[in-house]
Number of protein chains: 2
Amino acid sequence: MGREQAAAEVFFALGDGTRLSVVTRLGSGGALSATTLSQGAKVTRQAIVKHLQVLEGAGLVRHEKRGREVLYALEPERLDDARTFLDGVSASWDRAIERLRAMVEEPDKPRGR
Amino acid sequence: MGREQAAAEVFFALGDGTRLSVVTRLGSGGALSATTLSQGAKVTRQAIVKHLQVLEGAGLVRHEKRGREVLYALEPERLDDARTFLDGVSASWDRAIERLRAMVEEPDKPRGR
DNA sequence: GAAACGTGCAACCCGGGGGTTGCACTTCTC
DNA sequence: GAGAAGTGCAACCCCCGGGTTGCACGTTTC
């Protein structure tokens with residue numbers, strides 16, 4: 001229910017090339033500032049800032065003021081949530097396939113709930 | 001590189017509430033038609049069709065003509081790809097954390113590549 | 001204190017994503 | 001064959017996501 005909504009938010013946050021590369025860089029680089037992230041990127045600092053806000057809104061990133069600059073760091077828990085969701089879909093899919101296979105192999109067997 | 005782009009496409013496809021519920025239903029229900037999926041949904045059949053095309057474009061779904069109707073079924077391989085990507089980010093994040101911890105605990109130790 | 005660096009805020013633009021409606025076309029059913 | 005069921009196609013609408021520019025505000029630095 002709300003679970004699905006939250007998962008959609010996380011997936012939406014990851015569903016953009018720029019944001020995904022930001023996540024990758026934060027994942028391997030620790031805590032970085034928006035300006036640092038914007039260097040080497042194809043977009044402006046402001047664009048990066050907006051992306052970071054989206055990521056933070058989805059709970060994928062946390063920010064911390066460090067003197068005059070603001071450092072953003074990854075929050076990997078929500079990544080686990082997303083992975084859990086994918087696991088769930090895959091699992092129920094496997095079960096559905098298994099049911100189908102059983103029905104084909106034993107057509108007369110009564111099947112309950 | 002292109003890996004990241006493909007992952008972004010999958011995440012984008014999953015980053016919408018309607019599409020995510022479609023994926024869930026397909027995951028637990030086997031192969032369904034657009035009309036069937038639209039019943040019980042809050043949107044039109046046409047909207048569902050567009051969503052299915054997006055999902056198919058991302059490789060998450062496959063369609064098959066069955067008489068006069070078209071059945072859509074889940075293609076769980078791409079889900080695994082997405083999960084693998086998340087695993088990668090989490091792993092490098094863990095390594096980054098570990099490096100950081102090591103630096104804090106042994107400040108004088110020389111650290112190489 | 002003045003200059004440089006890093007941010008924050010606001011206005012603005014553009015394209016396309018999500019949705020709908022209407023209709024023509026095939027396929028099943030009686 | 002007539003009608004119902006299931007799709008496909010096209011036009012159309014609205015909103016907002018992604019991006020930019022310009023400038024004002026703290027914080028360092030010398």
# chains A, B, ... in the order shown; residues from 1 in each chain; ligands from 1
>>> residues_around(residues="DC30 of chain C", least_positions_apart="3", cutoff="12 Å", atoms="only C-alpha atoms (C1' of nucleotides)", output="list in words")
DG1, DA2, DG3 and DA4 of chain D
>>> residues_around(residues="Gly67 of chain A", least_positions_apart="2", cutoff="12 Å", atoms="only C-alpha atoms (C1' of nucleotides)", output="MDAnalysis selection string")
(chainID A and resid 33 64:65 69:71) or (chainID C and resid 5:7) or (chainID D and resid 26:28)
>>> write_last_selection(atoms="C-alpha atoms (C1' of nucleotides)", output="PDB file, in the first residue's frame")
ATOM      1  CA  SER A  33      29.349  19.152  -2.059  1.00  0.00           C
ATOM      2  CA  GLU A  64      25.290  18.237   6.612  1.00  0.00           C
ATOM      3  CA  LYS A  65      26.618  21.760   6.847  1.00  0.00           C
ATOM      4  CA  GLU A  69      29.837  24.286   2.342  1.00  0.00           C
ATOM      5  CA  VAL A  70      27.182  21.590   2.418  1.00  0.00           C
ATOM      6  CA  LEU A  71      28.194  17.968   2.118  1.00  0.00           C
TER       7      LEU A  71
ATOM      8  C1'  DC C   5      34.368  30.832  -2.682  1.00  0.00           C
ATOM      9  C1'  DG C   6      30.105  28.163  -1.770  1.00  0.00           C
ATOM     10  C1'  DT C   7      25.082  28.481  -1.259  1.00  0.00           C
TER      11       DT C   7
ATOM     12  C1'  DG D  26      27.069  33.772   4.685  1.00  0.00           C
ATOM     13  C1'  DT D  27      31.912  32.227   5.156  1.00  0.00           C
ATOM     14  C1'  DT D  28      36.913  32.056   4.356  1.00  0.00           C
TER      15       DT D  28
END
>>> select_by_dssp(residues="chain B", states="strand (DSSP E or B)", output="list in words")
Leu32, Ser33, Val61, Arg62, His63, Glu64, Lys65, Arg66, Glu69, Val70, Leu71, Tyr72, Ala73 and Leu74 of chain B
>>> select_by_dssp(residues="chain B", states="alpha helix (DSSP H)", output="MDAnalysis selection string")
chainID B and resid 2:14 17:29 34:38 45:57 77:105
>>> atom_distance(atom1="atom CA of Ala34 of chain A", atom2="atom CA of Ile48 of chain A")
6.3 Å
>>> closest_residue(among="A:Ala91, A:Ala6, A:Val54, A:Leu14", to="chain D", atoms="only C-alpha atoms (C1' of nucleotides)")
A:Val54
>>> residues_around(residues="DC13 of chain C", least_positions_apart="2", cutoff="10 Å", atoms="only C-alpha atoms (C1' of nucleotides)", output="PyMOL selection string")
(chain C and resi 11+15) or (chain D and resi 19-20)
>>> write_last_selection(atoms="C-alpha atoms (C1' of nucleotides)", output="short mmCIF file (atom, residue, chain, number, x, y, z; two decimals), in the first residue's frame")
data_model
loop_
_atom_site.label_atom_id
_atom_site.label_comp_id
_atom_site.auth_asym_id
_atom_site.auth_seq_id
_atom_site.Cartn_x
_atom_site.Cartn_y
_atom_site.Cartn_z
"C1'" DA C 11 11.98 33.75 -12.07
"C1'" DG C 15 9.66 19.45 -23.59
"C1'" DG D 19 17.62 23.01 -16.77
"C1'" DT D 20 19.22 27.79 -16.96
#
>>> closest_residue(among="C:DG22, C:DA4, C:DT29, C:DG17", to="Lys50 of chain B", atoms="only C-alpha atoms (C1' of nucleotides)")
C:DG17
>>> residues_around(residues="DG18 of chain D", least_positions_apart="3", cutoff="10 Å", atoms="only C-alpha atoms (C1' of nucleotides)", output="list in words")
Asp16, Thr18, Val43, Ala47, Lys50 and His51 of chain A; DC14 and DG15 of chain C
>>> interface_residues(of="chain B", to="chain A", cutoff="6 Å", atoms="only C-alpha atoms", output="ChimeraX atom specification")
/B:8,11-12,14-17,27-28,83,89,92-93
>>> interface_residues(of="chain C", to="chain B", cutoff="8 Å", atoms="only C-alpha atoms (C1' of nucleotides)", output="JSON, numbers by chain")
{"C": [18, 19, 20, 26, 27, 28]}
>>> atom_distance(atom1="atom CA of Ser38 of chain B", atom2="atom C1' of DC15 of chain D")
22.9 Å
>>> closest_atom_pairs(of="chain D", to="chain B", cutoff="9 Å", atoms="only C-alpha atoms (C1' of nucleotides)", output="JSON lines")
{"residue": "D:DA5", "atom": "C1'", "partner": "B:Arg68", "partner_atom": "CA", "distance": 8.9}
{"residue": "D:DG6", "atom": "C1'", "partner": "B:Glu69", "partner_atom": "CA", "distance": 5.7}
{"residue": "D:DT7", "atom": "C1'", "partner": "B:Glu69", "partner_atom": "CA", "distance": 7.2}
>>> write_last_selection(atoms="N, CA and C atoms (P, O5', C5', C4', C3', O3' and C1' of nucleotides)", output="PDB file, in the first residue's frame")
ATOM      1  P    DA D   5     -20.006  -6.930 -24.188  1.00  0.00           P
ATOM      2  O5'  DA D   5     -18.494  -7.390 -24.341  1.00  0.00           O
ATOM      3  C5'  DA D   5     -18.214  -8.716 -24.784  1.00  0.00           C
ATOM      4  C4'  DA D   5     -16.790  -8.796 -25.302  1.00  0.00           C
ATOM      5  C3'  DA D   5     -15.796  -7.950 -24.495  1.00  0.00           C
ATOM      6  O3'  DA D   5     -14.668  -8.756 -24.215  1.00  0.00           O
ATOM      7  C1'  DA D   5     -15.608  -7.463 -26.794  1.00  0.00           C
ATOM      8  P    DG D   6     -13.525  -8.219 -23.254  1.00  0.00           P
ATOM      9  O5'  DG D   6     -12.424  -7.774 -24.319  1.00  0.00           O
ATOM     10  C5'  DG D   6     -11.848  -8.765 -25.157  1.00  0.00           C
ATOM     11  C4'  DG D   6     -10.710  -8.154 -25.939  1.00  0.00           C
ATOM     12  C3'  DG D   6      -9.853  -7.168 -25.135  1.00  0.00           C
ATOM     13  O3'  DG D   6      -8.482  -7.429 -25.377  1.00  0.00           O
ATOM     14  C1'  DG D   6     -10.647  -6.127 -27.100  1.00  0.00           C
ATOM     15  P    DT D   7      -7.307  -6.572 -24.689  1.00  0.00           P
ATOM     16  O5'  DT D   7      -6.607  -5.851 -25.910  1.00  0.00           O
ATOM     17  C5'  DT D   7      -7.387  -5.373 -26.956  1.00  0.00           C
ATOM     18  C4'  DT D   7      -6.581  -5.187 -28.236  1.00  0.00           C
ATOM     19  C3'  DT D   7      -5.458  -4.167 -28.116  1.00  0.00           C
ATOM     20  O3'  DT D   7      -4.385  -4.497 -28.970  1.00  0.00           O
ATOM     21  C1'  DT D   7      -7.221  -3.282 -29.460  1.00  0.00           C
TER      22       DT D   7
END
>>> atom_distance(atom1="atom C1' of DC12 of chain D", atom2="atom C1' of DT21 of chain C")
8.7 Å
>>> decode(residues="chain C", atoms="C-alpha atoms (C1' of nucleotides)", output="CSV table (one decimal), in the first residue's frame")
chain,number,residue,atom,x,y,z
C,1,DG,C1',37.9,45.2,4.9
C,2,DA,C1',37.9,43.4,0.3
C,3,DA,C1',38.0,39.7,-2.7
C,4,DA,C1',36.9,34.9,-3.5
C,5,DC,C1',34.4,30.8,-2.7
C,6,DG,C1',30.1,28.2,-1.8
C,7,DT,C1',25.1,28.5,-1.3
C,8,DG,C1',20.3,29.8,-1.4
C,9,DC,C1',16.4,31.9,-3.7
C,10,DA,C1',13.4,33.2,-7.5
C,11,DA,C1',12.0,33.8,-12.1
C,12,DC,C1',11.8,31.8,-16.2
C,13,DC,C1',11.7,28.4,-20.3
C,14,DC,C1',10.8,24.1,-22.7
C,15,DG,C1',9.7,19.5,-23.6
C,16,DG,C1',7.5,15.5,-22.7
C,17,DG,C1',5.1,12.4,-19.3
C,18,DG,C1',0.5,11.0,-17.8
C,19,DG,C1',-4.1,11.2,-18.9
C,20,DT,C1',-8.4,11.5,-21.7
C,21,DT,C1',-11.7,11.1,-25.6
C,22,DG,C1',-13.3,9.5,-30.1
C,23,DC,C1',-13.2,6.4,-33.7
C,24,DA,C1',-11.8,2.6,-36.8
C,25,DC,C1',-10.5,-2.1,-37.0
C,26,DT,C1',-10.2,-7.2,-36.0
C,27,DT,C1',-12.0,-11.2,-33.5
C,28,DC,C1',-15.2,-13.9,-31.0
C,29,DT,C1',-20.1,-15.2,-30.1
C,30,DC,C1',-25.0,-16.2,-30.9
